[in-house]
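The structure appears below as structure tokens.
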Amino acid sequence: MLGVAKFMNFIEREGFSNMSDGGLMVIVAMILVVVVQLFVVQWLWNTVLTRVVTVTRPLPSLAYTLGLLILTSMLYPGPV
């Protein structure tokens, strides 16, 4: 729930709350970026990391990739 509150606060702070001026397009673009990121992370994990680190296995689906991205963002949140 905290993530949703942060997202809504970001939308209001950046002025995206008015959907008439392209705010919906911003949300769609953000979702598209996340989907592309999922495919890139899964491809890198399955082709590079599994060859370099022998104890890793390929990620079976995008749901596991999304879980991995959520876990890493929770462990390493970046600049606050």
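Labels used: A, B, ... for chains in the order of the structure tokens, numbers from 1 for residues in each chain, and numbers from 1 for ligands as shown.
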
List the neighbours of A:Leu38 out to 9 Å using only C-alpha atoms; skip same-chain residues closer than 4 positions along the sequence, and give me the result as an MDAnalysis selection string.
chainID A and resid 33:34 42:43 62:63 65:66 69

List every residue of chain A that DSSP, applied to the backbone of this structure, places in helix (DSSP H, G or I), and write the result as a ChimeraX atom specification.
/A:2-14,19-21,23-52,62-75
